[in-house]
Amino acid sequence: MCGIFGVITTKSDAPSQVFSGLSDIEYRGYDSWGIASFIGNSFQVVKNIGFLPKKLTLPKANLSIGHTRWATHGGVTVANAHPHLDCTKKLTIVHNGIVENYQDLQKKLKGHTFVSETDTEVIIHLIEERMKTEKSLLRAVAVTFRSLKGLNAIVVSDGKSIVVAKKGSPLVVGKSKDGFLVASDPNALLPYTKELLFLEDETILEMNEGLSTYGVLDLKPFKPSFQTVDWDYSASTLKNYPHFMLKEMYEQPQVLRNVLQNLDGIKDLAKVVKKAYGTYLIGCGTASYACLLGVYLFSAIAKKHVNYSIGSEFDYIEDYLTDKSLLIAVSQSGETIDVIEPVTHAKVKKTTIVALTNTLGSTLYRMADIKLLLQAGPEKAVASTKAYIAMQANILLLSFAVAGRLEEGARIVEKSAKEVESVLKKIPQIKKLANRISAADHMYILGRGLSFPIALESALKIKETSYIHAEGFAGGELKHGALALITTGTPVIVYVPNDETKEAVLANATEVKARGAFVIGVSFQNNSAFDYFFEVKDTGASSVIPHVVFAQLLGYQLSLKRKINPDKPRNLAKSVVVK
Ligand code: F6R
């Protein structure tokens with residue numbers, strides 16, 4: 001989704017820092033970009049639609065702000081790309097979020113020329129208007145920001161300072177030896193500084209030769225608390241891999257071992273789960289399938305009922321939450337609005353919030369009473385792989401910890417890490433399979449029990465990377481409708497683990513084979529129902545981990561075969577911060 005990067009420095013390389021900062025956050029998804037630099041007495045702007053060029057010659061300047069835009073208000077045009085200017089070209093703005101009342105606000109502005117269809121441009125003209133009566137840029141931005149409805153983060157400059165205000169949308173400030181930076185993603189700041197300030201909502205700050213922070217509502221100053229992070233920037237670079245998705249899939253065995261280093265956090269959380277009157281797991285997309293897997297794991301391992309909902313639906317069914325409930329919010333980014341909103345509402349009810357997130361300092365992380373980091377390291381491919389594996393492992397270990405069998409859980413996660421290594425070695429085999437099925441328009445994935453959420457996640461991974469319509473079903477649902485979709489040659493992946501679902505799901509494999517399907521069996525042993533067999537050794541309940549890695553690799557190979565960039569699926573963004 002939209003990305004922000006801004007710099008004020010004593011050096012003259014602010015525009016090139018902004019350019020490389022934007023390149024670092026382009027993985028979040030965007031359809032146009034722009035950079036404004038203060039030169040002489042006004043702002044010069046370069047912007048375009050599409051992706052950033054590999055190289056860009058930029059002027060020298062001490063102050064520059066840039067943006068990658070994911071269109072919401074107004075189409076993908078150069079005029080709609082940020083940064084936007086006021087009428088005098090002495091003020092500029094970049095913005096993430098949606099100003100819900102921008103049409104009402106625009107009506108109040110008389111005598112201003114608008115060149116775009118965006119809500120953002122309304123903000124900068126409002127600030128221009130306020131500058132006539134307020135004493136400073138800071139005050140003009142604060143007053144304007146208070147009038148905006150919705151969740152917004154803005155970065156505004158008059159060429160002397162950068163003023164930042166936020167509510168809802170993530171922003172991080174960095175302090176370097178030459179000045180200050182602001183970005184919507186902390187990883188983008190790491191080449192310049194490891195001293196980071198994660199901004200709270202309703203704050204406003206001004207960066208020039210120093211930094212001052214205030215509450216946006218009352219302009220009361222407060223002392224910023226910078227944290228020094230020990231993150232490694234190179235962890236978020238491609239290294240020698242052609243795509244982030246491939247690199248991140250290869251990192252999965254290590255991610256599983258990282259999770260195993262954090263058993264104390266899991267043990268502590270298990271105690272809280274045991275005491276709670278109702279535990280709810282919420283997440284979106286891939287994370288929601290990790291939550292659904294939690295329902296099965298808690299039942300099978302801990303003999304405990306936990307509830308699950310996709311984040312965007314939770315608000316409609318959360319009336320039963322109380323101050324004794326426990327809400328475990330699962331999110332790689334920790335910024336997904338469809339998770340943050342229900343968490344905000346649950347907090348009003350004093351429900352205990354657990355953040356299971358990959359992102360230290362994220363909005364979810366800061367909101368939570370209990371924080372458990374996924375330990376996956378930065379994930380840049382839009383399609384989540386290693387973060388999902390870390391979610392699975394953490395939730396699996398939590399169910400074992402609640403059952404008082406954490407060591408057993410740890411043993412099978414270690415076994416699954418080894419099995420993921422074997423699956424990764426079989427990429428040539430998966431490539432052949434991808435070549436065989438890449439022309440399919442539809443594909444189905446069947447699983448029962450623990451493998452049902454895996455079927456859903458596999459379908460999502462294949463959809464978003466290859467654009468093939470893939471759907472996951474519970475095997476038992478076949479005869480209730482889905483069987484009508486099977487015709488000669490339809491690829492059907494069937495997960496057959498060595499558990500109680502084996503016989504029934506093999507019967508499903510036979511049913512689809514009888515209707516002409518091309519049956520791809522993912523199992524610990526071959527079966528006559530399979531047209532194609534992919535072996536994954538049995539590691540008990542953790543077999544779900546290598547199983548899903550098979551689907552990730554298949555999605556990746558399908559994307560290559562279909563000439564799609566697996567790191568940047570069309571229309572999708574890495575971090576979904578607007579509704
Ligand atoms: C799919 C994918 C998305 C995310 C979803 C939630 O591969 O990555 O479905 O899982 O947008 O994102 P987070 O986990 O950041 O809340």
# chains A, B, ... in the order shown; residues from 1 in each chain; ligands from 1
>>> select_by_dssp(residues="stretch 116-326 of chain A", states="strand (DSSP E)", output="PyMOL selection string")
chain A and resi 152-157+162-167+172-175+179-183+195-198+203-207+211-215+221-222+227-228+279-283+307-310+326
>>> residues_around(residues="A:Leu151", least_positions_apart="3", cutoff="9 Å", atoms="only C-alpha atoms", output="PyMOL selection string")
chain A and resi 96-100+148+166-169+577-578
>>> closest_residue(among="A:Lys271, A:Lys90, A:Lys380, A:Lys160", to="ligand 1", atoms="only C-alpha atoms and all ligand atoms")
A:Lys380
>>> residues_near_ligand(ligand="ligand 1", cutoff="7 Å", atoms="only C-alpha atoms and all ligand atoms", output="JSON, numbers by chain")
{"A": [283, 284, 285, 286, 287, 330, 331, 332, 333, 334, 335, 336, 339, 382, 383, 384, 385, 460, 461, 574, 575, 576]}
>>> closest_residue(among="A:Leu126, A:Val343, A:Leu396, A:Ile328", to="A:Gly294", atoms="only C-alpha atoms")
A:Leu396
>>> residues_around(residues="stretch 67-76 of chain A", least_positions_apart="5", cutoff="6 Å", atoms="only C-alpha atoms", output="PyMOL selection string")
chain A and resi 1-4+30-34+82+117-118
>>> atom_distance(atom1="atom CA of A:Lys561", atom2="atom CA of A:Leu456")
22.5 Å
>>> closest_residue(among="A:Asp158, A:Glu200, A:Glu206, A:Asp538", to="A:Val413", atoms="only C-alpha atoms")
A:Asp538
>>> atom_distance(atom1="atom CA of A:Asn41", atom2="atom CA of A:Lys60")
13.6 Å
>>> residues_around(residues="A:Val423", least_positions_apart="2", cutoff="8 Å", atoms="only C-alpha atoms", output="compact mmCIF listing (two decimals) with all heavy atoms, in the first residue's frame")
# COMPACT_ATOMS: atom_id res chain seq x y z
N GLU A 419 12.10 -31.47 7.23
CA GLU A 419 11.28 -31.89 6.09
C GLU A 419 11.09 -30.73 5.11
O GLU A 419 11.03 -30.93 3.90
CB GLU A 419 9.94 -32.44 6.59
CG GLU A 419 9.19 -33.30 5.61
CD GLU A 419 10.04 -34.31 4.81
OE1 GLU A 419 11.06 -34.78 5.31
OE2 GLU A 419 9.66 -34.58 3.66
N VAL A 420 11.01 -29.49 5.64
CA VAL A 420 10.93 -28.32 4.74
C VAL A 420 12.21 -28.28 3.90
O VAL A 420 12.17 -28.00 2.69
CB VAL A 420 10.71 -27.01 5.54
CG1 VAL A 420 10.90 -25.79 4.64
CG2 VAL A 420 9.34 -26.99 6.18
N GLU A 421 13.35 -28.58 4.53
CA GLU A 421 14.61 -28.60 3.76
C GLU A 421 14.52 -29.61 2.61
O GLU A 421 14.94 -29.32 1.49
CB GLU A 421 15.79 -28.95 4.69
CG GLU A 421 16.21 -27.75 5.52
CD GLU A 421 17.09 -28.08 6.73
OE1 GLU A 421 17.23 -29.27 7.08
OE2 GLU A 421 17.60 -27.14 7.34
N LYS A 425 14.57 -29.03 -1.58
CA LYS A 425 15.50 -29.71 -2.51
C LYS A 425 14.76 -30.26 -3.72
O LYS A 425 15.38 -30.60 -4.72
CB LYS A 425 16.22 -30.85 -1.79
CG LYS A 425 17.31 -30.34 -0.87
CD LYS A 425 18.19 -31.47 -0.36
CE LYS A 425 19.09 -30.94 0.74
NZ LYS A 425 18.97 -31.68 1.99
N LYS A 426 13.44 -30.39 -3.61
CA LYS A 426 12.68 -31.01 -4.72
C LYS A 426 12.08 -29.97 -5.67
O LYS A 426 11.09 -30.23 -6.34
CB LYS A 426 11.59 -31.90 -4.12
CG LYS A 426 12.17 -33.14 -3.45
CD LYS A 426 11.10 -34.15 -3.16
CE LYS A 426 11.11 -34.51 -1.70
NZ LYS A 426 10.00 -35.26 -1.22
N ILE A 427 12.68 -28.79 -5.70
CA ILE A 427 12.14 -27.74 -6.59
C ILE A 427 12.07 -28.21 -8.05
O ILE A 427 11.06 -27.96 -8.71
CB ILE A 427 12.94 -26.42 -6.42
CG1 ILE A 427 12.61 -25.82 -5.07
CG2 ILE A 427 12.62 -25.43 -7.55
CD1 ILE A 427 13.23 -24.48 -4.77
N VAL A 536 5.96 -36.17 1.16
CA VAL A 536 6.37 -35.36 2.31
C VAL A 536 6.35 -36.29 3.52
O VAL A 536 5.29 -36.87 3.83
CB VAL A 536 5.40 -34.18 2.55
CG1 VAL A 536 5.82 -33.39 3.79
CG2 VAL A 536 5.37 -33.25 1.35
N PRO A 546 5.51 -28.56 6.17
CA PRO A 546 6.06 -28.87 4.83
C PRO A 546 4.99 -28.98 3.76
O PRO A 546 5.25 -28.70 2.59
CB PRO A 546 6.79 -30.20 5.04
CG PRO A 546 6.34 -30.73 6.35
CD PRO A 546 5.91 -29.58 7.17
N VAL A 549 4.51 -25.65 2.30
CA VAL A 549 5.69 -25.22 1.54
C VAL A 549 5.62 -25.77 0.11
O VAL A 549 6.00 -25.10 -0.85
CB VAL A 549 7.00 -25.64 2.26
CG1 VAL A 549 8.22 -25.30 1.41
CG2 VAL A 549 7.09 -24.94 3.61
N PHE A 550 5.08 -26.98 -0.03
CA PHE A 550 4.87 -27.54 -1.38
C PHE A 550 4.01 -26.57 -2.20
O PHE A 550 4.34 -26.23 -3.34
CB PHE A 550 4.19 -28.93 -1.27
CG PHE A 550 3.52 -29.33 -2.55
CD1 PHE A 550 4.25 -29.86 -3.61
CD2 PHE A 550 2.13 -29.16 -2.72
CE1 PHE A 550 3.63 -30.20 -4.80
CE2 PHE A 550 1.51 -29.49 -3.90
CZ PHE A 550 2.25 -30.01 -4.96
>>> closest_atom_pairs(of="stretch 52-153 of chain A", to="stretch 175-191 of chain A", cutoff="10 Å", atoms="only C-alpha atoms", output="Markdown table")
| residue | atom | partner | partner_atom | distance |
| --- | --- | --- | --- | --- |
| A:Asn62 | CA | A:Gly179 | CA | 9.5 |
| A:Leu63 | CA | A:Leu181 | CA | 9.9 |
| A:Ser64 | CA | A:Leu181 | CA | 9.8 |
| A:Ile65 | CA | A:Val182 | CA | 8.9 |
| A:Gly66 | CA | A:Ala183 | CA | 9.4 |
| A:His67 | CA | A:Ala183 | CA | 9.5 |
| A:Asn96 | CA | A:Ser184 | CA | 8.8 |
| A:Ala153 | CA | A:Ser184 | CA | 9.0 |
>>> write_last_selection(atoms="N, CA, C and O atoms", output="compact mmCIF listing (two decimals), in the first residue's frame")
# COMPACT_ATOMS: atom_id res chain seq x y z
N ASN A 62 18.59 19.62 0.50
CA ASN A 62 18.69 19.18 1.91
C ASN A 62 17.37 18.59 2.41
O ASN A 62 17.32 17.98 3.47
N LEU A 63 16.31 18.83 1.65
CA LEU A 63 15.00 18.40 2.12
C LEU A 63 14.22 17.80 0.95
O LEU A 63 14.13 18.41 -0.12
N SER A 64 13.69 16.63 1.18
CA SER A 64 12.95 15.98 0.11
C SER A 64 11.94 15.01 0.73
O SER A 64 12.22 14.39 1.76
N ILE A 65 10.76 14.90 0.11
CA ILE A 65 9.79 13.89 0.56
C ILE A 65 9.25 13.13 -0.65
O ILE A 65 9.14 13.69 -1.74
N GLY A 66 8.98 11.86 -0.45
CA GLY A 66 8.53 11.04 -1.58
C GLY A 66 7.43 10.09 -1.17
O GLY A 66 7.16 9.88 0.02
N HIS A 67 6.84 9.46 -2.18
CA HIS A 67 5.64 8.65 -1.94
C HIS A 67 5.49 7.61 -3.02
O HIS A 67 5.81 7.84 -4.20
N ASN A 96 -0.80 9.05 3.54
CA ASN A 96 -1.33 7.68 3.52
C ASN A 96 -2.65 7.70 4.28
O ASN A 96 -2.73 8.28 5.36
N ALA A 153 -2.05 9.53 7.80
CA ALA A 153 -0.69 9.95 8.18
C ALA A 153 -0.26 10.96 7.12
O ALA A 153 -0.39 10.68 5.92
>>> select_by_dssp(residues="stretch 101-338 of chain A", states="alpha helix (DSSP H)", output="number ranges by chain")
A: 102-108, 119-130, 137-146, 244-250, 252-260, 263-275, 286-300, 311-314, 337-338
>>> atom_distance(atom1="atom CA of A:Met207", atom2="atom CA of A:Leu56")
26.0 Å
>>> residues_around(residues="A:Ser422", least_positions_apart="6", cutoff="12 Å", atoms="only C-alpha atoms", output="PDB file with all heavy atoms, in the first residue's frame")
ATOM      1  N   TYR A 250      13.218 -20.103   1.162  1.00  0.00           N
ATOM      2  CA  TYR A 250      14.450 -20.781   1.577  1.00  0.00           C
ATOM      3  C   TYR A 250      14.794 -20.499   3.044  1.00  0.00           C
ATOM      4  O   TYR A 250      15.498 -21.267   3.676  1.00  0.00           O
ATOM      5  CB  TYR A 250      15.625 -20.370   0.680  1.00  0.00           C
ATOM      6  CG  TYR A 250      15.806 -21.317  -0.484  1.00  0.00           C
ATOM      7  CD1 TYR A 250      15.404 -20.965  -1.767  1.00  0.00           C
ATOM      8  CD2 TYR A 250      16.374 -22.581  -0.302  1.00  0.00           C
ATOM      9  CE1 TYR A 250      15.554 -21.834  -2.837  1.00  0.00           C
ATOM     10  CE2 TYR A 250      16.533 -23.462  -1.364  1.00  0.00           C
ATOM     11  CZ  TYR A 250      16.121 -23.088  -2.624  1.00  0.00           C
ATOM     12  OH  TYR A 250      16.273 -23.960  -3.666  1.00  0.00           O
ATOM     13  N   GLN A 252      12.818 -20.531   5.460  1.00  0.00           N
ATOM     14  CA  GLN A 252      11.832 -21.099   6.387  1.00  0.00           C
ATOM     15  C   GLN A 252      12.389 -22.098   7.416  1.00  0.00           C
ATOM     16  O   GLN A 252      12.000 -22.023   8.578  1.00  0.00           O
ATOM     17  CB  GLN A 252      10.655 -21.679   5.610  1.00  0.00           C
ATOM     18  CG  GLN A 252       9.957 -20.555   4.849  1.00  0.00           C
ATOM     19  CD  GLN A 252       8.701 -20.950   4.112  1.00  0.00           C
ATOM     20  OE1 GLN A 252       7.630 -20.521   4.449  1.00  0.00           O
ATOM     21  NE2 GLN A 252       8.824 -21.774   3.107  1.00  0.00           N
ATOM     22  N   PRO A 253      13.333 -22.976   7.041  1.00  0.00           N
ATOM     23  CA  PRO A 253      13.852 -23.867   8.088  1.00  0.00           C
ATOM     24  C   PRO A 253      14.464 -23.061   9.246  1.00  0.00           C
ATOM     25  O   PRO A 253      14.239 -23.372  10.416  1.00  0.00           O
ATOM     26  CB  PRO A 253      14.916 -24.692   7.353  1.00  0.00           C
ATOM     27  CG  PRO A 253      14.462 -24.675   5.922  1.00  0.00           C
ATOM     28  CD  PRO A 253      13.857 -23.315   5.712  1.00  0.00           C
ATOM     29  N   LYS A 415      11.448 -31.460  13.517  1.00  0.00           N
ATOM     30  CA  LYS A 415      11.349 -32.466  12.431  1.00  0.00           C
ATOM     31  C   LYS A 415      10.790 -31.824  11.168  1.00  0.00           C
ATOM     32  O   LYS A 415      11.231 -32.114  10.059  1.00  0.00           O
ATOM     33  CB  LYS A 415      10.388 -33.579  12.863  1.00  0.00           C
ATOM     34  CG  LYS A 415      11.015 -34.679  13.640  1.00  0.00           C
ATOM     35  CD  LYS A 415      10.021 -35.832  13.705  1.00  0.00           C
ATOM     36  CE  LYS A 415      10.520 -36.932  14.602  1.00  0.00           C
ATOM     37  NZ  LYS A 415       9.479 -37.905  14.905  1.00  0.00           N
ATOM     38  N   SER A 416       9.806 -30.936  11.354  1.00  0.00           N
ATOM     39  CA  SER A 416       9.192 -30.316  10.174  1.00  0.00           C
ATOM     40  C   SER A 416      10.194 -29.387   9.487  1.00  0.00           C
ATOM     41  O   SER A 416      10.171 -29.247   8.263  1.00  0.00           O
ATOM     42  CB  SER A 416       7.904 -29.571  10.538  1.00  0.00           C
ATOM     43  OG  SER A 416       8.201 -28.360  11.189  1.00  0.00           O
ATOM     44  N   GLN A 429      11.373 -31.044  -9.262  1.00  0.00           N
ATOM     45  CA  GLN A 429      10.166 -31.872  -9.408  1.00  0.00           C
ATOM     46  C   GLN A 429       8.903 -30.990  -9.441  1.00  0.00           C
ATOM     47  O   GLN A 429       7.990 -31.213 -10.244  1.00  0.00           O
ATOM     48  CB  GLN A 429      10.131 -32.802  -8.191  1.00  0.00           C
ATOM     49  CG  GLN A 429       9.214 -33.978  -8.333  1.00  0.00           C
ATOM     50  CD  GLN A 429       9.231 -34.821  -7.043  1.00  0.00           C
ATOM     51  OE1 GLN A 429      10.265 -34.979  -6.393  1.00  0.00           O
ATOM     52  NE2 GLN A 429       8.070 -35.337  -6.667  1.00  0.00           N
ATOM     53  N   PHE A 534       3.637 -36.404  -4.650  1.00  0.00           N
ATOM     54  CA  PHE A 534       4.709 -35.605  -4.053  1.00  0.00           C
ATOM     55  C   PHE A 534       4.865 -36.073  -2.613  1.00  0.00           C
ATOM     56  O   PHE A 534       3.957 -35.925  -1.785  1.00  0.00           O
ATOM     57  CB  PHE A 534       4.377 -34.102  -4.098  1.00  0.00           C
ATOM     58  CG  PHE A 534       5.540 -33.259  -3.674  1.00  0.00           C
ATOM     59  CD1 PHE A 534       6.537 -32.900  -4.579  1.00  0.00           C
ATOM     60  CD2 PHE A 534       5.676 -32.860  -2.341  1.00  0.00           C
ATOM     61  CE1 PHE A 534       7.636 -32.156  -4.172  1.00  0.00           C
ATOM     62  CE2 PHE A 534       6.774 -32.109  -1.931  1.00  0.00           C
ATOM     63  CZ  PHE A 534       7.762 -31.752  -2.855  1.00  0.00           C
ATOM     64  N   GLU A 535       6.045 -36.630  -2.320  1.00  0.00           N
ATOM     65  CA  GLU A 535       6.231 -37.217  -0.993  1.00  0.00           C
ATOM     66  C   GLU A 535       6.668 -36.181   0.045  1.00  0.00           C
ATOM     67  O   GLU A 535       7.604 -35.418  -0.179  1.00  0.00           O
ATOM     68  CB  GLU A 535       7.288 -38.328  -1.064  1.00  0.00           C
ATOM     69  CG  GLU A 535       7.395 -39.055   0.264  1.00  0.00           C
ATOM     70  CD  GLU A 535       8.457 -40.146   0.299  1.00  0.00           C
ATOM     71  OE1 GLU A 535       9.149 -40.351  -0.728  1.00  0.00           O
ATOM     72  OE2 GLU A 535       8.601 -40.760   1.365  1.00  0.00           O
ATOM     73  N   VAL A 536       5.958 -36.171   1.161  1.00  0.00           N
ATOM     74  CA  VAL A 536       6.372 -35.361   2.310  1.00  0.00           C
ATOM     75  C   VAL A 536       6.345 -36.292   3.516  1.00  0.00           C
ATOM     76  O   VAL A 536       5.288 -36.869   3.827  1.00  0.00           O
ATOM     77  CB  VAL A 536       5.402 -34.179   2.547  1.00  0.00           C
ATOM     78  CG1 VAL A 536       5.816 -33.394   3.793  1.00  0.00           C
ATOM     79  CG2 VAL A 536       5.373 -33.247   1.347  1.00  0.00           C
ATOM     80  N   LYS A 537       7.479 -36.458   4.172  1.00  0.00           N
ATOM     81  CA  LYS A 537       7.528 -37.423   5.291  1.00  0.00           C
ATOM     82  C   LYS A 537       6.604 -36.981   6.426  1.00  0.00           C
ATOM     83  O   LYS A 537       6.402 -35.791   6.652  1.00  0.00           O
ATOM     84  CB  LYS A 537       8.956 -37.540   5.802  1.00  0.00           C
ATOM     85  CG  LYS A 537       9.838 -38.269   4.823  1.00  0.00           C
ATOM     86  CD  LYS A 537      11.008 -38.973   5.522  1.00  0.00           C
ATOM     87  CE  LYS A 537      11.848 -39.684   4.498  1.00  0.00           C
ATOM     88  NZ  LYS A 537      12.557 -38.760   3.576  1.00  0.00           N
ATOM     89  N   PRO A 546       5.514 -28.564   6.169  1.00  0.00           N
ATOM     90  CA  PRO A 546       6.057 -28.870   4.832  1.00  0.00           C
ATOM     91  C   PRO A 546       4.985 -28.980   3.761  1.00  0.00           C
ATOM     92  O   PRO A 546       5.254 -28.696   2.589  1.00  0.00           O
ATOM     93  CB  PRO A 546       6.794 -30.204   5.038  1.00  0.00           C
ATOM     94  CG  PRO A 546       6.339 -30.730   6.354  1.00  0.00           C
ATOM     95  CD  PRO A 546       5.908 -29.576   7.172  1.00  0.00           C
ATOM     96  N   HIS A 547       3.763 -29.360   4.138  1.00  0.00           N
ATOM     97  CA  HIS A 547       2.705 -29.441   3.124  1.00  0.00           C
ATOM     98  C   HIS A 547       2.476 -28.078   2.478  1.00  0.00           C
ATOM     99  O   HIS A 547       2.357 -27.950   1.261  1.00  0.00           O
ATOM    100  CB  HIS A 547       1.394 -29.934   3.757  1.00  0.00           C
ATOM    101  CG  HIS A 547       1.369 -31.422   3.937  1.00  0.00           C
ATOM    102  ND1 HIS A 547       0.285 -32.111   4.417  1.00  0.00           N
ATOM    103  CD2 HIS A 547       2.314 -32.365   3.702  1.00  0.00           C
ATOM    104  CE1 HIS A 547       0.561 -33.399   4.463  1.00  0.00           C
ATOM    105  NE2 HIS A 547       1.789 -33.583   4.044  1.00  0.00           N
ATOM    106  N   VAL A 549       4.511 -25.651   2.301  1.00  0.00           N
ATOM    107  CA  VAL A 549       5.692 -25.219   1.539  1.00  0.00           C
ATOM    108  C   VAL A 549       5.622 -25.774   0.114  1.00  0.00           C
ATOM    109  O   VAL A 549       5.998 -25.099  -0.850  1.00  0.00           O
ATOM    110  CB  VAL A 549       7.002 -25.635   2.255  1.00  0.00           C
ATOM    111  CG1 VAL A 549       8.222 -25.304   1.407  1.00  0.00           C
ATOM    112  CG2 VAL A 549       7.091 -24.939   3.612  1.00  0.00           C
ATOM    113  N   PHE A 550       5.079 -26.984  -0.032  1.00  0.00           N
ATOM    114  CA  PHE A 550       4.871 -27.542  -1.380  1.00  0.00           C
ATOM    115  C   PHE A 550       4.006 -26.570  -2.202  1.00  0.00           C
ATOM    116  O   PHE A 550       4.339 -26.232  -3.342  1.00  0.00           O
ATOM    117  CB  PHE A 550       4.190 -28.926  -1.270  1.00  0.00           C
ATOM    118  CG  PHE A 550       3.516 -29.331  -2.549  1.00  0.00           C
ATOM    119  CD1 PHE A 550       4.254 -29.861  -3.608  1.00  0.00           C
ATOM    120  CD2 PHE A 550       2.132 -29.156  -2.716  1.00  0.00           C
ATOM    121  CE1 PHE A 550       3.632 -30.199  -4.799  1.00  0.00           C
ATOM    122  CE2 PHE A 550       1.513 -29.492  -3.904  1.00  0.00           C
ATOM    123  CZ  PHE A 550       2.253 -30.011  -4.961  1.00  0.00           C
TER     124      PHE A 550
END
>>> residues_around(residues="A:Lys247", least_positions_apart="3", cutoff="12 Å", atoms="only C-alpha atoms", output="list in words")
Ala235, Ser236, Thr237, Leu238, Lys239, Asn240, Tyr241, Pro242, His243, Phe244, Tyr250, Glu251, Gln252, Pro253, Gln254, Gly377, Pro378, Glu379, Lys380, Ala381, Ser384, Thr385, Lys386, Leu424, Leu553, Tyr556, Pro566 and Asp567 of chain A
>>> residues_around(residues="A:Arg515", least_positions_apart="3", cutoff="9 Å", atoms="only C-alpha atoms", output="ChimeraX atom specification")
/A:483,486-488,510-512
>>> closest_residue(among="A:Gln227, A:Ser542, A:Asn508, A:Asn498", to="A:Gly476", atoms="only C-alpha atoms")
A:Asn508
>>> closest_residue(among="A:Gly210, A:Gly409, A:Gly215, A:Gly111", to="A:Val143", atoms="only C-alpha atoms")
A:Gly215
